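Pasting target-v3.cif here (mmCIF, C-alpha atoms):
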data_run
loop_
_atom_site.label_atom_id
_atom_site.label_comp_id
_atom_site.auth_asym_id
_atom_site.auth_seq_id
_atom_site.Cartn_x
_atom_site.Cartn_y
_atom_site.Cartn_z
CA MET A 1 -47.84 41.18 62.45
CA ARG A 2 -44.94 38.80 62.97
CA LYS A 3 -41.21 39.22 63.40
CA ILE A 4 -38.93 36.38 62.29
CA VAL A 5 -35.25 36.15 63.19
CA ILE A 6 -33.35 34.46 60.36
CA ALA A 7 -31.74 31.21 61.52
CA ARG A 8 -28.48 29.77 60.22
CA ASP A 9 -30.16 27.45 57.73
CA ASP A 10 -32.49 30.15 56.42
CA ALA A 11 -29.59 32.51 55.70
CA GLY A 12 -28.30 33.16 52.18
CA GLN A 13 -31.74 33.18 50.55
CA ARG A 14 -33.24 36.05 48.61
CA LEU A 15 -35.97 37.81 50.56
CA ASP A 16 -38.65 37.05 47.95
CA ARG A 17 -37.79 33.33 47.86
CA PHE A 18 -37.82 33.11 51.65
CA LEU A 19 -41.26 34.73 51.73
CA ARG A 20 -42.64 32.34 49.10
CA LYS A 21 -41.72 29.43 51.37
CA ILE A 22 -43.33 30.80 54.50
CA LEU A 23 -46.34 32.61 53.03
CA LYS A 24 -48.20 29.59 51.72
CA GLY A 25 -50.60 30.37 48.89
CA GLU A 26 -49.37 33.90 48.23
CA THR A 27 -48.53 34.70 44.60
CA LEU A 28 -45.15 36.10 43.65
CA SER A 29 -46.75 39.35 42.51
CA ARG A 30 -48.44 39.69 45.90
CA ILE A 31 -45.11 39.09 47.67
CA PHE A 32 -43.40 41.74 45.51
CA LYS A 33 -46.18 44.18 46.43
CA LEU A 34 -45.74 43.49 50.15
CA ILE A 35 -42.02 44.25 49.81
CA ARG A 36 -42.52 47.40 47.72
CA THR A 37 -45.15 48.86 50.05
CA GLY A 38 -43.05 48.22 53.15
CA ASP A 39 -45.38 45.59 54.61
CA VAL A 40 -42.27 43.42 54.72
CA ARG A 41 -39.18 45.00 56.29
CA VAL A 42 -35.69 43.73 57.04
CA ASN A 43 -34.13 45.00 60.27
CA GLY A 44 -36.82 47.69 60.45
CA LYS A 45 -36.22 49.06 56.95
CA LYS A 46 -37.85 48.72 53.55
CA SER A 47 -35.84 46.37 51.38
CA LYS A 48 -35.48 44.99 47.85
CA GLU A 49 -36.83 41.60 46.86
CA GLY A 50 -33.37 40.37 45.85
CA VAL A 51 -31.58 41.17 49.11
CA ARG A 52 -29.79 38.20 50.65
CA LEU A 53 -30.83 37.41 54.20
CA ALA A 54 -28.13 36.87 56.80
CA ALA A 55 -28.33 34.91 60.06
CA GLY A 56 -29.69 37.17 62.74
CA ASP A 57 -31.60 39.48 60.37
CA GLU A 58 -35.09 40.34 61.58
CA VAL A 59 -37.86 40.10 58.99
CA GLU A 60 -41.04 41.93 59.92
CA ILE A 61 -44.22 40.86 58.10
CA ARG A 62 -47.13 43.23 58.57
CA LEU A 63 -49.95 40.74 58.01
CA PRO A 64 -52.31 39.02 60.43
CA ASP A 65 -50.57 36.06 62.07
CA ALA A 66 -53.20 33.70 60.65
CA ALA A 67 -51.95 34.50 57.15
CA ILE A 68 -48.36 33.54 57.93
CA ALA A 69 -48.04 29.79 57.49
CA ALA A 70 -44.40 29.44 58.45
CA ARG A 71 -44.80 25.74 59.12
CA GLU A 72 -46.97 23.05 57.58
CA PRO A 73 -50.50 23.20 59.02
CA SER A 74 -51.72 20.35 61.19
CA THR A 75 -54.18 18.82 58.72
CA PRO A 76 -55.51 15.24 59.00
CA GLU A 77 -53.19 14.27 56.13
CA VAL A 78 -50.14 15.70 57.91
CA ARG A 79 -51.08 13.97 61.17
CA ALA A 80 -51.61 10.65 59.36
CA ARG A 81 -48.20 10.90 57.70
CA ALA A 82 -46.53 11.67 61.01
CA SER A 83 -48.25 8.64 62.55
CA ARG A 84 -46.99 6.33 59.76
CA ASN A 85 -43.44 7.55 60.12
CA SER A 86 -43.31 7.61 63.92
CA GLY A 87 -43.38 3.82 64.15
CA VAL A 88 -40.12 3.37 62.22
CA ARG A 89 -36.93 3.89 64.21
CA LEU A 90 -33.74 4.48 62.27
CA GLU A 91 -30.23 3.51 63.36
CA VAL A 92 -27.90 6.51 63.35
CA LEU A 93 -24.35 5.69 62.27
CA PHE A 94 -23.03 9.26 62.49
CA ARG A 95 -24.45 12.64 63.40
CA ASP A 96 -23.15 16.15 63.94
CA ASP A 97 -24.56 19.60 63.23
CA HIS A 98 -24.25 19.19 59.46
CA VAL A 99 -24.28 15.50 58.49
CA LEU A 100 -26.51 12.55 59.32
CA ALA A 101 -25.64 8.98 58.31
CA ILE A 102 -28.54 6.52 58.56
CA ASP A 103 -28.37 2.72 58.32
CA LYS A 104 -31.25 2.14 55.89
CA PRO A 105 -33.06 -1.16 56.42
CA PRO A 106 -34.11 -3.12 53.33
CA TYR A 107 -37.50 -2.41 51.73
CA LEU A 108 -37.73 1.13 53.11
CA LEU A 109 -38.18 3.72 50.35
CA VAL A 110 -35.81 6.67 50.66
CA GLN A 111 -38.45 9.08 49.34
CA GLN A 112 -42.07 8.96 48.22
CA GLY A 113 -42.71 7.01 45.05
CA GLU A 114 -45.79 5.34 43.64
CA SER A 115 -47.18 4.46 47.11
CA PRO A 116 -47.89 7.70 48.98
CA ASP A 117 -49.08 5.81 52.08
CA GLU A 118 -45.74 4.11 52.68
CA PRO A 119 -43.23 5.40 55.24
CA THR A 120 -40.15 6.92 53.61
CA LEU A 121 -36.70 7.58 54.98
CA ASP A 122 -36.70 11.31 54.22
CA ALA A 123 -40.09 11.80 55.91
CA ILE A 124 -39.04 9.78 58.95
CA VAL A 125 -35.88 11.87 59.30
CA ALA A 126 -37.93 15.06 59.02
CA GLU A 127 -40.27 13.83 61.76
CA GLN A 128 -37.58 12.50 64.10
CA PHE A 129 -34.85 15.09 63.62
CA GLY A 130 -36.99 18.10 62.67
CA ARG A 131 -35.93 21.44 61.26
CA GLY A 132 -34.12 22.83 64.28
CA ASP A 133 -34.76 26.57 64.35
CA SER A 134 -35.11 26.87 60.58
CA LEU A 135 -38.43 27.78 58.96
CA THR A 136 -37.53 26.69 55.42
CA PHE A 137 -34.86 23.95 55.62
CA VAL A 138 -35.54 20.29 56.38
CA PRO A 139 -32.91 17.50 56.60
CA SER A 140 -32.51 16.22 53.04
CA LEU A 141 -31.04 13.28 51.15
CA ALA A 142 -27.67 13.73 49.48
CA HIS A 143 -28.04 10.47 47.49
CA ARG A 144 -30.33 7.44 47.27
CA LEU A 145 -30.45 3.67 47.60
CA ASP A 146 -32.84 1.25 45.93
CA ARG A 147 -35.72 -0.10 48.00
CA GLY A 148 -34.15 -3.56 48.29
CA THR A 149 -30.64 -2.28 49.02
CA SER A 150 -29.60 -1.75 52.64
CA GLY A 151 -26.86 0.33 54.20
CA ILE A 152 -25.53 3.85 54.52
CA VAL A 153 -27.51 6.89 53.39
CA LEU A 154 -26.12 10.40 53.93
CA LEU A 155 -28.33 13.42 54.59
CA GLY A 156 -27.62 17.07 55.17
CA LEU A 157 -28.73 18.30 58.60
CA SER A 158 -27.90 21.90 57.71
CA ALA A 159 -28.12 23.87 54.50
CA GLN A 160 -24.32 24.17 54.45
CA GLY A 161 -23.91 20.45 55.09
CA LEU A 162 -26.35 19.52 52.33
CA ARG A 163 -24.65 21.82 49.83
CA GLY A 164 -21.27 20.31 50.69
CA LEU A 165 -22.52 16.73 50.41
CA THR A 166 -24.30 17.40 47.12
CA GLU A 167 -21.16 18.99 45.69
CA ALA A 168 -18.99 16.08 46.87
CA PHE A 169 -21.26 13.58 45.12
CA ARG A 170 -21.39 15.75 42.00
CA ARG A 171 -17.59 15.93 41.84
CA ARG A 172 -17.27 12.21 42.62
CA LYS A 173 -15.35 12.87 45.82
CA VAL A 174 -17.30 10.28 47.84
CA ASP A 175 -15.71 6.82 48.11
CA LYS A 176 -18.65 4.41 48.34
CA ARG A 177 -18.18 0.68 48.87
CA TYR A 178 -20.87 -1.97 48.52
CA LEU A 179 -20.91 -5.70 49.28
CA ALA A 180 -22.59 -8.00 46.77
CA LEU A 181 -22.93 -11.78 46.71
CA VAL A 182 -22.97 -12.95 43.10
CA ALA A 183 -23.57 -16.14 41.18
CA GLY A 184 -20.52 -17.14 39.13
CA ARG A 185 -16.79 -17.72 39.40
CA PRO A 186 -14.78 -14.56 38.63
CA GLU A 187 -11.36 -15.54 37.33
CA LYS A 188 -9.71 -12.28 38.32
CA ASP A 189 -9.53 -10.99 41.88
CA GLU A 190 -10.08 -7.45 40.58
CA PHE A 191 -11.89 -6.23 37.47
CA VAL A 192 -13.52 -3.10 36.08
CA VAL A 193 -16.78 -2.74 34.16
CA GLU A 194 -17.16 0.43 32.12
CA LEU A 195 -20.37 0.31 30.11
CA PRO A 196 -22.88 3.12 29.37
CA LEU A 197 -26.33 2.76 30.86
CA ARG A 198 -29.76 3.89 29.77
CA ARG A 199 -32.92 3.95 31.87
CA GLU A 200 -36.01 2.60 30.13
CA ARG A 201 -39.34 4.39 30.22
CA LEU A 202 -41.65 1.89 31.89
CA GLU A 203 -45.33 1.96 32.66
CA LYS A 204 -46.41 3.63 35.87
CA GLY A 205 -45.93 1.42 38.90
CA ARG A 206 -43.39 -0.94 37.32
CA GLY A 207 -40.31 0.74 38.72
CA ALA A 208 -37.02 1.50 37.01
CA LYS A 209 -35.25 -0.76 34.53
CA VAL A 210 -31.76 0.00 33.24
CA ASN A 211 -29.86 -1.59 30.38
CA VAL A 212 -26.41 -1.33 28.87
CA SER A 213 -26.90 0.93 25.86
CA TYR A 214 -24.89 2.88 23.30
CA ALA A 215 -27.80 5.15 22.44
CA PRO A 216 -27.05 8.90 22.27
CA ASP A 217 -28.82 9.51 25.58
CA ALA A 218 -27.03 6.70 27.47
CA LEU A 219 -24.87 7.78 30.41
CA SER A 220 -21.28 6.72 31.00
CA ALA A 221 -20.81 4.41 33.99
CA LYS A 222 -17.79 2.77 35.58
CA THR A 223 -17.52 0.36 38.51
CA GLU A 224 -14.49 -1.27 40.12
CA PHE A 225 -14.92 -4.75 41.61
CA LYS A 226 -12.78 -6.76 44.03
CA VAL A 227 -13.40 -10.39 44.97
CA ILE A 228 -13.28 -10.82 48.75
CA GLU A 229 -13.99 -14.56 48.98
CA ARG A 230 -15.32 -17.41 46.84
CA ASP A 231 -17.67 -20.29 47.60
CA ALA A 232 -16.43 -22.85 45.08
CA ARG A 233 -18.96 -25.49 46.16
CA ARG A 234 -21.98 -23.33 45.28
CA GLY A 235 -20.36 -21.19 42.62
CA LEU A 236 -20.80 -17.92 44.52
CA ALA A 237 -18.47 -15.01 45.22
CA LEU A 238 -18.57 -12.15 47.71
CA ILE A 239 -17.53 -8.97 45.92
CA GLU A 240 -16.82 -5.41 46.98
CA ALA A 241 -18.09 -2.89 44.44
CA ARG A 242 -16.83 0.67 44.14
CA PRO A 243 -18.96 2.76 41.74
CA LEU A 244 -17.01 5.64 40.21
CA THR A 245 -20.21 7.11 38.76
CA GLY A 246 -23.66 7.26 40.33
CA ARG A 247 -26.12 5.85 37.83
CA THR A 248 -29.41 4.16 38.68
CA HIS A 249 -28.92 0.41 39.33
CA GLN A 250 -25.31 0.76 38.17
CA ILE A 251 -23.75 -2.03 40.26
CA ARG A 252 -26.60 -4.45 39.57
CA VAL A 253 -26.53 -3.92 35.80
CA HIS A 254 -22.73 -3.97 35.53
CA LEU A 255 -22.54 -7.27 37.43
CA ARG A 256 -25.22 -8.78 35.21
CA ALA A 257 -23.31 -7.60 32.14
CA ALA A 258 -20.17 -9.26 33.52
CA GLN A 259 -22.23 -12.49 33.90
CA PHE A 260 -22.14 -12.32 37.70
CA PRO A 261 -25.77 -11.51 38.65
CA ILE A 262 -26.43 -10.59 42.26
CA VAL A 263 -28.01 -13.28 44.41
CA GLY A 264 -31.72 -12.56 44.93
CA ASP A 265 -31.89 -9.63 42.50
CA PRO A 266 -35.53 -9.56 41.33
CA THR A 267 -34.84 -7.39 38.26
CA TYR A 268 -31.38 -8.39 37.00
CA GLY A 269 -30.89 -11.80 38.63
CA ILE A 270 -31.70 -15.37 37.64
CA PRO A 271 -35.40 -16.10 38.41
CA ALA A 272 -35.04 -19.87 38.89
CA MET A 273 -32.10 -19.50 41.27
CA ASN A 274 -33.80 -16.64 43.08
CA ARG A 275 -36.74 -18.95 43.84
CA GLU A 276 -34.35 -21.54 45.30
CA TRP A 277 -32.50 -18.95 47.42
CA ARG A 278 -35.80 -17.58 48.72
CA THR A 279 -36.44 -21.04 50.26
CA ARG A 280 -32.90 -21.53 51.54
CA PRO A 281 -31.06 -19.55 52.83
CA GLY A 282 -34.21 -17.40 52.77
CA ILE A 283 -33.03 -14.26 50.98
CA ALA A 284 -35.90 -12.34 49.36
CA ARG A 285 -34.03 -9.35 47.90
CA GLN A 286 -30.80 -8.50 46.15
CA PHE A 287 -27.69 -9.16 48.25
CA LEU A 288 -26.41 -5.60 47.97
CA HIS A 289 -25.35 -3.53 50.97
CA ALA A 290 -23.79 -0.05 51.12
CA TRP A 291 -21.28 -0.87 53.82
CA ARG A 292 -18.65 1.90 53.78
CA VAL A 293 -18.47 5.60 52.85
CA GLU A 294 -15.43 7.87 53.06
CA LEU A 295 -15.29 11.56 52.20
CA GLU A 296 -13.98 14.90 53.38
CA HIS A 297 -16.39 16.44 55.88
CA PRO A 298 -18.58 18.83 53.82
CA VAL A 299 -18.13 21.71 56.28
CA GLU A 300 -15.05 20.96 58.42
CA LYS A 301 -12.44 20.96 55.67
CA GLY A 302 -9.46 18.70 56.22
CA ARG A 303 -11.46 16.28 58.38
CA THR A 304 -12.04 12.83 56.90
CA LEU A 305 -15.40 11.24 57.59
CA VAL A 306 -15.59 7.43 57.49
CA VAL A 307 -18.88 5.60 58.12
CA GLU A 308 -19.36 1.84 58.14
CA SER A 309 -22.46 -0.36 58.39
CA ARG A 310 -22.76 -4.00 59.38
CA LEU A 311 -24.66 -6.47 57.23
CA PRO A 312 -28.29 -6.89 58.30
CA GLU A 313 -29.25 -10.31 59.56
CA ASP A 314 -30.76 -11.64 56.30
CA LEU A 315 -27.49 -11.02 54.43
CA ALA A 316 -25.32 -12.23 57.30
CA GLU A 317 -27.35 -15.46 57.45
CA THR A 318 -26.87 -15.91 53.69
CA LEU A 319 -23.10 -15.66 54.11
CA ARG A 320 -23.16 -18.22 56.92
CA TRP A 321 -25.12 -20.55 54.66
CA ALA A 322 -22.51 -20.07 51.92
CA GLY A 323 -19.65 -20.64 54.37
CA LEU A 324 -18.25 -17.16 53.76
CA ALA A 325 -16.94 -14.74 56.37
CA ASP A 326 -18.81 -11.50 57.08
CA PRO A 327 -16.27 -8.66 56.55
CA THR A 328 -18.46 -6.24 58.54
CA ALA A 329 -18.93 -8.48 61.60
CA LYS A 330 -16.84 -6.51 64.08
CA GLY A 331 -18.20 -7.41 67.48
CA ARG A 332 -21.29 -9.15 66.03
#
Could you spell out this file's structure in structure tokens?
Amino acid sequence: MRKIVIARDDAGQRLDRFLRKILKGETLSRIFKLIRTGDVRVNGKKSKEGVRLAAGDEVEIRLPDAAIAAREPSTPEVRARASRNSGVRLEVLFRDDHVLAIDKPPYLLVQQGESPDEPTLDAIVAEQFGRGDSLTFVPSLAHRLDRGTSGIVLLGLSAQGLRGLTEAFRRRKVDKRYLALVAGRPEKDEFVVELPLRRERLEKGRGAKVNVSYAPDALSAKTEFKVIERDARRGLALIEARPLTGRTHQIRVHLRAAQFPIVGDPTYGIPAMNREWRTRPGIARQFLHAWRVELEHPVEKGRTLVVESRLPEDLAETLRWAGLADPTAKGR
């Protein structure tokens, strides 16, 4: 028999759904039977499967402890994953009880994709920041960045924080700013691209590819752009991008459509120029960095949260090569 005190981040769940998460391998019908027969009790009393658990409630499970897998078992696979993730240290830009802002390095996947053996940001966060006292909640991503894009990623450290962040992104209440170095000479200092986008269905392992499309299943997309500085000698421009929607590859595709492809972009850039830039200044990925995020704190209403990230060295070196100032280089 085991008694579990419901933690803050386990609260609000239905009893049956909570039990499905902690009783690994049990069927829903078996869980319903345990509740009906009184082998599961809440605060010492028989309960209904749909009751909502509150913080501090005591759930009593009248099964042998060996049958209660409240946490992931220590299998060789679990230990191997923990070992892969433990070698990657993440820079924390902001942290409180509800929100975590990580400075994602380039090439790190935010979550598991086609290569299950690779470290991923969400798994690293789970290993390094843990669950706290929760049995069912793990720190989780509120949004994503492409593998080759660096910069700010927000995660919920509590269930309440994650719900608030997810809702803010859904309602487009998060002001995200990216820096992109592009090939071309924008005539206007500010411009807007509003073109619908459609994700192609590619073969397994080839990654995502997005195109401007007016097909019925295309999604509306809008991005505001502001030119920060131009390199007239090389025909480059440093641009701040503000996506007003959150579509896959939105900034990269919109800039290509505007005839200003991002320097180094392997999917939407210019292959011949990318090969030259890989040699000098030595950039091997798209010059795209999520440098600033502003939003209302998802739990502490009325509090504005602003997070900024400096350019990583490969992008900063590219700007030096182009003779352009680094707008994030405070104290660098």
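Here atom CA of Glu127 of chain A is placed at a distance of 28.3 Å from atom CA of Tyr178 of chain A.
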Evaluated on this file, the PyMOL selection byres ((chain A and resi 92-95) around 9) picks out some residues - which ones are they, written as a PyMOL selection string? chain A and resi 90-91+96-103+152+157+307-309
Emit the selected residues as a CSV table (one decimal), in the frame of the given file, including C-alpha atoms.
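Once written, result19.csv looks like this:
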chain,number,residue,atom,x,y,z
A,90,LEU,CA,-33.7,4.5,62.3
A,91,GLU,CA,-30.2,3.5,63.4
A,96,ASP,CA,-23.2,16.2,63.9
A,97,ASP,CA,-24.6,19.6,63.2
A,98,HIS,CA,-24.2,19.2,59.5
A,99,VAL,CA,-24.3,15.5,58.5
A,100,LEU,CA,-26.5,12.6,59.3
A,101,ALA,CA,-25.6,9.0,58.3
A,102,ILE,CA,-28.5,6.5,58.6
A,103,ASP,CA,-28.4,2.7,58.3
A,152,ILE,CA,-25.5,3.8,54.5
A,157,LEU,CA,-28.7,18.3,58.6
A,307,VAL,CA,-18.9,5.6,58.1
A,308,GLU,CA,-19.4,1.8,58.1
A,309,SER,CA,-22.5,-0.4,58.4
Which residues of segment 140-251 of chain A come within 9 Å of segment 311-321 of chain A, and for each one, what is the closest pair of atoms and their distance in Å to one decimal, counting all atoms listed in the file, sorted by chain and residue number, as a tab-separated table?
residue	atom	partner	partner_atom	distance
A:Ser150	CA	A:Pro312	CA	7.8
A:Gly151	CA	A:Leu311	CA	7.8
A:Leu179	CA	A:Leu311	CA	8.8
A:Leu181	CA	A:Leu319	CA	8.4
A:Leu238	CA	A:Leu319	CA	8.6
Residues within 8 Å of segment 32-45 of chain A, all atoms listed in the file, excluding chain neighbours under 6 positions, as a VMD selection string: chain A and resid 16 57 to 63
Shell around Lys188 of chain A at 12 Å using only C-alpha atoms, local window under 2 positions removed, as JSON, numbers by chain: {"A": [184, 185, 186, 190, 191, 192, 225, 226, 227, 228, 229, 230, 237, 239, 258]}
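Nearest residue to Phe260 of chain A, choosing from A:Leu154, A:Ala232, A:Asn274, A:Ala183 and counting all atoms listed in the file: A:Ala183.
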Expand the PyMOL selection byres ((chain A and resi 212) around 12) into the individual residues it matches in the shown file, reporting them as a PyMOL selection string. chain A and resi 193-200+209-211+213-215+217-222+247-258+268
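In this comparison, which uses only C-alpha atoms, the residue of A:Glu118, A:Asp231, A:Glu224, A:Asp133 approaching Val5 of chain A most closely is A:Asp133.
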By how many Å are atom CA of Ala7 of chain A and atom CA of Ala54 of chain A apart? 8.2 Å
Selection near Val306 of chain A, 10 Å with all atoms listed in the file, sequence-local residues under 4 positions removed, as a VMD selection string: chain A and resid 94 175 292 to 297
For the file shown, what are the residues hit by the PyMOL selection byres ((chain A and resi 287) around 8), laid out as a CSV table (one decimal) with C-alpha atoms, in the frame of the given file?
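As a result, result_22.csv now contains:
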chain,number,residue,atom,x,y,z
A,149,THR,CA,-30.6,-2.3,49.0
A,179,LEU,CA,-20.9,-5.7,49.3
A,180,ALA,CA,-22.6,-8.0,46.8
A,181,LEU,CA,-22.9,-11.8,46.7
A,182,VAL,CA,-23.0,-13.0,43.1
A,262,ILE,CA,-26.4,-10.6,42.3
A,263,VAL,CA,-28.0,-13.3,44.4
A,264,GLY,CA,-31.7,-12.6,44.9
A,265,ASP,CA,-31.9,-9.6,42.5
A,283,ILE,CA,-33.0,-14.3,51.0
A,285,ARG,CA,-34.0,-9.4,47.9
A,286,GLN,CA,-30.8,-8.5,46.2
A,288,LEU,CA,-26.4,-5.6,48.0
A,289,HIS,CA,-25.4,-3.5,51.0
A,315,LEU,CA,-27.5,-11.0,54.4
Quick one: pull the distance between atom CA of Gln13 of chain A and atom CA of Gly164 of chain A, Å, one decimal. 16.6 Å
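With all atoms listed in the file as the basis for measurement, A:Val125 is the residue among A:Val110, A:Val125, A:Leu15, A:Leu53 that approaches Arg89 of chain A most closely.
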Each side padded by 6 Å, which centre and which edge lengths in Å (one decimal) define the axis-aligned box around the listed atoms of segment 210-222 of chain A? Give them as lines of an AutoDock Vina configuration file.
center_x = -24.8
center_y = 4.0
center_z = 28.9
size_x = 26.0
size_y = 23.1
size_z = 25.3
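Residue neighbourhood of Leu108 of chain A, excluding near-sequence residues (fewer than 4 positions): A:Lys104, A:Glu118, A:Pro119, A:Thr120, A:Leu121, A:Asp146, A:Arg147, A:Gly148, A:Thr149, A:Ser150, at 9 Å, using all atoms listed in the file.
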